[in-house]
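**Student:** Sharing run_5.txt, compact mmCIF, C-alpha atoms:
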# COMPACT_ATOMS: atom_id res chain seq x y z
CA MET A 5 -15.23 10.30 16.18
CA ALA A 6 -14.29 12.95 18.75
CA TRP A 7 -12.46 16.00 17.40
CA LEU A 8 -9.71 15.51 20.01
CA HIS A 9 -8.76 12.07 18.73
CA LEU A 10 -5.04 12.02 18.06
CA ILE A 11 -5.52 10.86 14.46
CA ASN A 12 -7.15 14.23 13.72
CA TRP A 13 -4.28 16.30 15.10
CA TRP A 14 -1.01 14.44 14.73
CA HIS A 15 -2.20 11.84 12.21
CA GLN A 16 -0.94 8.84 14.12
CA GLY A 17 -2.39 6.18 11.90
CA LEU A 18 -1.50 3.22 9.69
CA PHE A 19 -3.26 1.33 6.96
CA GLU A 20 -2.88 -1.77 4.84
CA GLY A 21 -4.34 -2.73 1.48
CA LEU A 22 -5.11 -6.18 0.11
CA LYS A 23 -7.68 -7.86 -2.09
CA ALA A 24 -10.02 -10.84 -2.08
CA TYR A 25 -10.79 -12.56 -5.38
CA ARG A 26 -13.72 -14.73 -6.37
CA LYS A 27 -12.74 -18.07 -7.93
CA LYS A 28 -14.56 -19.78 -10.77
CA ASP A 29 -16.06 -22.23 -8.27
CA GLU A 30 -17.26 -19.26 -6.13
CA GLY A 31 -14.53 -19.81 -3.53
CA ILE A 32 -12.52 -16.83 -2.25
CA LEU A 33 -8.79 -16.24 -2.57
CA PHE A 34 -6.49 -13.91 -0.62
CA PHE A 35 -2.91 -12.99 -1.49
CA ARG A 36 -0.66 -13.54 1.53
CA PRO A 37 -2.68 -11.63 4.19
CA GLU A 38 -0.16 -12.69 6.83
CA GLU A 39 2.42 -10.46 5.11
CA ASN A 40 0.12 -7.47 5.48
CA ALA A 41 -0.35 -8.33 9.14
CA LEU A 42 3.41 -8.49 9.71
CA ARG A 43 3.94 -5.19 7.91
CA MET A 44 1.33 -3.52 10.09
CA LYS A 45 3.17 -4.74 13.17
CA MET A 46 6.45 -3.36 11.80
CA SER A 47 4.79 -0.05 10.91
CA ALA A 48 3.17 0.17 14.34
CA ASP A 49 6.55 -0.24 16.00
CA ARG A 50 7.93 2.68 13.96
CA MET A 51 4.93 4.84 14.87
CA CYS A 52 4.84 3.85 18.59
CA MET A 53 1.45 2.21 18.25
CA THR A 54 -0.12 -0.94 19.66
CA SER A 55 -0.97 -3.29 16.81
CA PRO A 56 -3.23 -6.33 16.49
CA THR A 57 -1.60 -9.75 16.41
CA VAL A 58 -1.21 -11.55 13.09
CA GLU A 59 -4.06 -13.86 14.08
CA GLN A 60 -6.36 -10.94 15.00
CA PHE A 61 -5.54 -9.17 11.75
CA ILE A 62 -6.28 -12.17 9.52
CA ASP A 63 -9.44 -13.06 11.46
CA ALA A 64 -10.76 -9.50 11.07
CA VAL A 65 -10.01 -9.50 7.34
CA LYS A 66 -11.75 -12.84 6.77
CA LYS A 67 -14.83 -11.83 8.77
CA THR A 68 -15.09 -8.56 6.87
CA VAL A 69 -14.93 -10.32 3.51
CA LEU A 70 -17.49 -12.96 4.49
CA ALA A 71 -19.84 -10.27 5.81
CA ASN A 72 -19.54 -8.46 2.45
CA LYS A 73 -19.38 -11.50 0.17
CA ARG A 74 -22.31 -10.28 -1.92
CA TRP A 75 -20.17 -7.30 -3.03
CA LEU A 76 -17.32 -9.47 -4.29
CA PRO A 77 -17.20 -9.07 -8.11
CA PRO A 78 -17.56 -12.12 -10.36
CA HIS A 79 -14.44 -14.08 -11.29
CA GLY A 80 -12.15 -12.09 -13.60
CA ARG A 81 -14.10 -8.84 -13.30
CA GLY A 82 -12.52 -7.24 -10.26
CA SER A 83 -11.97 -7.86 -6.58
CA LEU A 84 -12.97 -6.79 -3.10
CA TYR A 85 -10.46 -4.22 -1.88
CA ILE A 86 -9.80 -4.53 1.84
CA ARG A 87 -8.50 -1.64 3.93
CA PRO A 88 -7.34 -2.49 7.49
CA LEU A 89 -6.84 0.70 9.47
CA LEU A 90 -5.11 1.36 12.80
CA ILE A 91 -5.60 4.84 14.26
CA GLY A 92 -4.83 6.69 17.47
CA THR A 93 -8.10 7.47 19.24
CA GLY A 94 -6.80 8.85 22.53
CA GLN A 95 -8.00 12.39 23.24
CA ASN A 96 -5.14 14.82 23.77
CA LEU A 97 -3.64 17.88 22.08
CA GLY A 98 -0.03 17.26 23.08
CA LEU A 99 2.49 15.73 20.71
CA LYS A 100 2.81 12.22 22.09
CA PRO A 101 1.65 8.69 21.21
CA SER A 102 -2.04 8.02 21.71
CA SER A 103 -3.28 6.45 24.92
CA GLU A 104 -5.57 4.11 22.97
CA TYR A 105 -5.98 2.77 19.43
CA THR A 106 -8.77 1.54 17.21
CA PHE A 107 -8.32 -1.22 14.65
CA LEU A 108 -10.98 -1.57 11.98
CA VAL A 109 -11.39 -3.11 8.54
CA TYR A 110 -13.60 -1.97 5.70
CA ALA A 111 -14.02 -3.18 2.14
CA SER A 112 -15.21 -2.00 -1.26
CA PRO A 113 -15.65 -3.71 -4.66
CA VAL A 114 -13.18 -2.48 -7.30
CA GLY A 115 -12.58 -3.18 -10.96
CA ILE A 116 -9.29 -3.89 -12.70
CA PHE A 117 -6.87 -1.12 -11.72
CA ASN A 118 -4.90 -0.78 -14.96
CA LYS A 119 -6.59 -1.92 -18.16
CA GLY A 120 -4.13 -0.57 -20.71
CA GLU A 121 -0.73 0.95 -21.21
CA LEU A 122 0.63 3.42 -18.66
CA ASN A 123 1.61 6.90 -19.75
CA LEU A 124 3.96 8.05 -16.99
CA LYS A 125 5.33 11.47 -16.18
CA VAL A 126 8.75 11.51 -14.52
CA GLU A 127 8.71 13.73 -11.41
CA ASN A 128 12.11 15.00 -10.23
CA LYS A 129 11.12 17.71 -7.77
CA VAL A 130 8.55 16.10 -5.48
CA HIS A 131 9.54 12.81 -3.82
CA ARG A 132 7.46 9.94 -2.48
CA ALA A 133 9.86 9.36 0.41
CA THR A 134 12.97 10.88 1.95
CA PRO A 135 15.76 9.53 4.18
CA GLY A 136 14.75 9.36 7.83
CA GLY A 137 11.03 9.68 7.08
CA THR A 138 8.14 7.24 7.27
CA GLY A 139 8.18 6.08 3.66
CA GLY A 140 9.22 2.62 4.82
CA VAL A 141 5.94 2.11 6.69
CA LYS A 142 2.28 2.46 5.75
CA ALA A 143 1.63 5.74 7.56
CA VAL A 144 -1.58 7.60 6.66
CA THR A 145 0.36 10.75 5.77
CA ASN A 146 2.61 9.13 3.16
CA TYR A 147 0.41 9.69 0.15
CA SER A 148 -0.91 13.25 0.55
CA PRO A 149 2.27 14.84 -0.92
CA VAL A 150 1.43 12.99 -4.15
CA TYR A 151 -1.83 14.91 -4.73
CA LYS A 152 -0.33 17.95 -6.41
CA PRO A 153 2.10 16.30 -8.87
CA LEU A 154 -0.47 13.59 -9.69
CA THR A 155 -3.22 16.15 -10.33
CA GLU A 156 -0.90 18.17 -12.56
CA ALA A 157 0.23 15.07 -14.46
CA LYS A 158 -3.33 13.94 -15.17
CA ALA A 159 -4.24 17.44 -16.33
CA GLU A 160 -1.44 17.06 -18.89
CA GLY A 161 -2.81 13.73 -20.11
CA PHE A 162 -0.60 11.33 -18.14
CA SER A 163 -2.00 8.31 -16.33
CA ASP A 164 0.39 8.34 -13.37
CA VAL A 165 3.61 9.77 -11.99
CA LEU A 166 6.98 8.04 -11.86
CA PHE A 167 8.92 9.24 -8.82
CA LEU A 168 12.71 9.29 -8.56
CA ASP A 169 14.87 8.78 -5.48
CA ALA A 170 15.32 11.82 -3.26
CA LEU A 171 19.10 11.51 -2.96
CA THR A 172 20.28 11.41 -6.57
CA ARG A 173 17.10 12.04 -8.59
CA SER A 174 18.39 9.47 -11.06
CA ASN A 175 16.96 6.14 -9.86
CA ILE A 176 13.36 4.96 -10.18
CA GLU A 177 11.55 4.66 -6.84
CA GLU A 178 7.91 3.87 -7.64
CA GLY A 179 4.63 5.17 -9.01
CA SER A 180 2.13 7.17 -6.99
CA VAL A 181 0.49 4.06 -5.51
CA CYS A 182 2.40 1.15 -7.03
CA ASN A 183 5.78 -0.48 -7.59
CA ILE A 184 7.41 -0.25 -11.01
CA PHE A 185 8.92 -3.23 -12.85
CA VAL A 186 10.76 -2.68 -16.12
CA LEU A 187 11.03 -5.65 -18.47
CA LYS A 188 13.76 -5.38 -21.11
CA VAL A 189 13.29 -8.85 -22.63
CA GLU A 190 16.31 -10.14 -20.70
CA PRO A 191 17.25 -9.51 -17.99
CA ILE A 192 14.34 -8.17 -15.97
CA ARG A 193 15.38 -5.10 -14.03
CA ILE A 194 13.57 -4.58 -10.76
CA GLY A 195 13.56 -1.32 -8.85
CA LEU A 196 15.37 -1.85 -5.56
CA VAL A 197 13.16 -1.28 -2.52
CA SER A 198 15.08 0.87 -0.08
CA ARG A 199 14.03 1.59 3.46
CA LEU A 200 12.59 4.86 2.12
CA ASN A 201 9.58 3.07 0.65
CA SER A 202 7.28 0.50 2.16
CA GLU A 203 8.46 -2.99 1.23
CA GLY A 204 5.48 -4.72 -0.33
CA HIS A 205 5.12 -8.48 -0.49
CA ARG A 206 3.88 -8.23 -4.10
CA HIS A 207 7.27 -6.70 -4.96
CA ASN A 208 9.00 -9.50 -3.06
CA HIS A 209 6.84 -12.09 -4.82
CA VAL A 210 7.86 -10.81 -8.27
CA CYS A 211 11.53 -10.66 -7.27
CA SER A 212 11.55 -14.18 -5.84
CA ASN A 213 9.72 -15.71 -8.79
CA ALA A 214 11.44 -13.88 -11.65
CA GLY A 215 14.02 -16.64 -11.97
CA LYS A 216 11.31 -19.30 -12.00
CA CYS A 217 9.88 -17.64 -15.12
CA TYR A 218 13.20 -18.28 -16.91
CA LEU A 219 14.29 -14.67 -16.61
CA ASN A 220 17.46 -13.35 -15.08
CA SER A 221 16.62 -10.79 -12.43
CA LYS A 222 18.73 -7.86 -11.40
CA SER A 223 17.94 -5.17 -8.84
CA ARG A 224 19.03 -1.60 -9.30
How does the structure come out when it is put into structure tokens?
**Tutor:**
Amino acid sequence: MAWLHLINWWHQGLFEGLKAYRKKDEGILFFRPEENALRMKMSADRMCMTSPTVEQFIDAVKKTVLANKRWLPPHGRGSLYIRPLLIGTGQNLGLKPSSEYTFLVYASPVGIFNKGELNLKVENKVHRATPGGTGGVKAVTNYSPVYKPLTEAKAEGFSDVLFLDALTRSNIEEGSVCNIFVLKVEPIRIGLVSRLNSEGHRHNHVCSNAGKCYLNSKSR
């Protein structure tokens, strides 16, 4: 990669994250990859980038998984994490959208993310997203502000950080890299996804199916 690529200077880049799972019969399952493709297109529009089509996105993801099938963990023991990446690779120093873009997909085997109870530290000074920012899209710069509070929390024995909204500091936004769902027997209270944070289809899936699990759902 050339040092003048725009991703290195102005960090014009987007990413997505999804997983492939091995079935008992050795088949492979994805969880709604078309939703990731649509979110990348939405994010690209916000960041003035040219994005792949939904068909191109899904085709690239499937080819990457098939090419790395031997790294897919056995059923029930993990998954293959897939990271589609769209970056500005035009060479210029000026602050402007890139003249060209590179779309690539890579993958890595991962275990089960959370195996036990979470021990969360509430953070009320540093925020995951702010009004008018890029928290509503999957920009590459969105997560770096989390490093310091997350490092400090883990040094104190916590497993993750629970971030509050930037406006009132009284409502739950999300964890460092995940949504938060709070189950109080009945009803289930689901953190409302504002435009400050990227709207994930896993969050939407839980919200839409909460009622089907004989629970009353309420968003806050």
**Student:** What separation in Å, quoted to one decimal, exists between CA of Lys129 in chain A and CA of Ser174 in chain A?
**Tutor:**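 About the pair CA of Lys129 in chain A and CA of Ser174 in chain A: they are 11.5 Å apart.
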**Student:** Counting all atoms listed in the file, what is within 12 Å of Tyr110 in chain A, bar same-chain residues fewer than 2 positions away, as a PyMOL selection string?
**Tutor:** chain A and resi 19-23+64-72+84-90+107-108+112-113
**Student:** Any chance you can output those residues with C-alpha atoms as a JSON list (two decimals), in the coordinates of the input?
**Tutor:**
[["chain", "number", "residue", "atom", "x", "y", "z"],
["A", 19, "PHE", "CA", -3.26, 1.33, 6.96],
["A", 20, "GLU", "CA", -2.88, -1.77, 4.84],
["A", 21, "GLY", "CA", -4.34, -2.73, 1.48],
["A", 22, "LEU", "CA", -5.11, -6.18, 0.11],
["A", 23, "LYS", "CA", -7.68, -7.86, -2.09],
["A", 64, "ALA", "CA", -10.76, -9.50, 11.07],
["A", 65, "VAL", "CA", -10.01, -9.50, 7.34],
["A", 66, "LYS", "CA", -11.75, -12.84, 6.77],
["A", 67, "LYS", "CA", -14.83, -11.83, 8.77],
["A", 68, "THR", "CA", -15.09, -8.56, 6.87],
["A", 69, "VAL", "CA", -14.93, -10.32, 3.51],
["A", 70, "LEU", "CA", -17.49, -12.96, 4.49],
["A", 71, "ALA", "CA", -19.84, -10.27, 5.81],
["A", 72, "ASN", "CA", -19.54, -8.46, 2.45],
["A", 84, "LEU", "CA", -12.97, -6.79, -3.10],
["A", 85, "TYR", "CA", -10.46, -4.22, -1.88],
["A", 86, "ILE", "CA", -9.80, -4.53, 1.84],
["A", 87, "ARG", "CA", -8.50, -1.64, 3.93],
["A", 88, "PRO", "CA", -7.34, -2.49, 7.49],
["A", 89, "LEU", "CA", -6.84, 0.70, 9.47],
["A", 90, "LEU", "CA", -5.11, 1.36, 12.80],
["A", 107, "PHE", "CA", -8.32, -1.22, 14.65],
["A", 108, "LEU", "CA", -10.98, -1.57, 11.98],
["A", 112, "SER", "CA", -15.21, -2.00, -1.26],
["A", 113, "PRO", "CA", -15.65, -3.71, -4.66]]
**Student:** By how many Å are CA of Gly136 in chain A and CA of Asp169 in chain A apart?
**Tutor:**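 Between CA of Gly136 in chain A and CA of Asp169 in chain A the gap works out to 13.3 Å.
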**Student:** Given the choices A:Leu171, A:Leu99, A:Ala159, A:Leu122, which gets closest to Trp14 in chain A if the distance is worked out from all atoms listed in the file?
**Tutor:** A:Leu99
**Student:** To one decimal place, how far is CA of Leu154 in chain A from CA of Leu187 in chain A in Å?
**Tutor:** 24.1 Å
**Student:** Using all atoms listed in the file, pick whichever of A:Val150, A:Cys182, A:Ala170, A:Leu8 has the shortest atom-to-atom distance to Gly137 in chain A.
**Tutor:**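 Of A:Val150, A:Cys182, A:Ala170, A:Leu8, the one nearest Gly137 in chain A is A:Ala170, counting all atoms listed in the file.
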**Student:** Counting all atoms listed in the file, which residue out of A:Met44, A:Asn183, A:Ile116, A:Pro101 sits closest to Gly80 in chain A?
**Tutor:**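 Closest residue, counting all atoms listed in the file: A:Ile116.
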**Student:** Counting only C-alpha atoms, which residues in range 98-190 of chain A sit no more than 7 Å from range 45-62 of chain A? For each one, give the nearest pair of atoms and the distance in Å, sorted by chain then residue number, as CSV.
**Tutor:**
residue,atom,partner,partner_atom,distance
A:Pro101,CA,A:Cys52,CA,6.4
A:Tyr105,CA,A:Thr54,CA,6.9
A:Val141,CA,A:Ser47,CA,4.9
A:Lys142,CA,A:Ser47,CA,6.3
**Student:** From the options A:Glu104, A:Gly161, A:Thr172, A:Gln16, which residue's atoms come nearest to Pro135 in chain A, counting only C-alpha atoms?
**Tutor:**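 Closest to Pro135 in chain A of all the choices is A:Thr172.
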**Student:** Could you name the residues that touch Pro77 in chain A at 9 Å or less, counting only C-alpha atoms, but leaving out those on the same chain fewer than 4 positions away, as a ChimeraX atom specification?
**Tutor:** /A:25-26,73,81-84,113-115
**Student:** Restricting the output to C-alpha atoms, write the selected residues as an mmCIF file, in the frame of the given file.
**Tutor:**
data_model
loop_
_atom_site.group_PDB
_atom_site.id
_atom_site.type_symbol
_atom_site.label_atom_id
_atom_site.label_comp_id
_atom_site.auth_asym_id
_atom_site.auth_seq_id
_atom_site.Cartn_x
_atom_site.Cartn_y
_atom_site.Cartn_z
ATOM 1 C CA TYR A 25 -10.790 -12.560 -5.380
ATOM 2 C CA ARG A 26 -13.720 -14.730 -6.370
ATOM 3 C CA LYS A 73 -19.380 -11.500 0.170
ATOM 4 C CA ARG A 81 -14.100 -8.840 -13.300
ATOM 5 C CA GLY A 82 -12.520 -7.240 -10.260
ATOM 6 C CA SER A 83 -11.970 -7.860 -6.580
ATOM 7 C CA LEU A 84 -12.970 -6.790 -3.100
ATOM 8 C CA PRO A 113 -15.650 -3.710 -4.660
ATOM 9 C CA VAL A 114 -13.180 -2.480 -7.300
ATOM 10 C CA GLY A 115 -12.580 -3.180 -10.960
#
**Student:** Which polymer residues have any atom within 12 Å of an atom of Glu121 in chain A, counting all atoms listed in the file, with same-chain residues fewer than 4 positions away left out, as number ranges by chain?
**Tutor:** A: 117, 162-164
**Student:** Using all atoms listed in the file for the distances, tell me which of A:Leu76, A:Ile11, A:Ala6, A:Val165 is nearest to Gly31 in chain A.
**Tutor:** A:Leu76
**Student:** Between A:His9, A:Pro78, A:Leu18, A:Phe185, which has the minimum distance to Thr138 in chain A (counting all atoms listed in the file)?
**Tutor:**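 Residue with the minimum atom-to-atom distance to Thr138 in chain A: A:Leu18.
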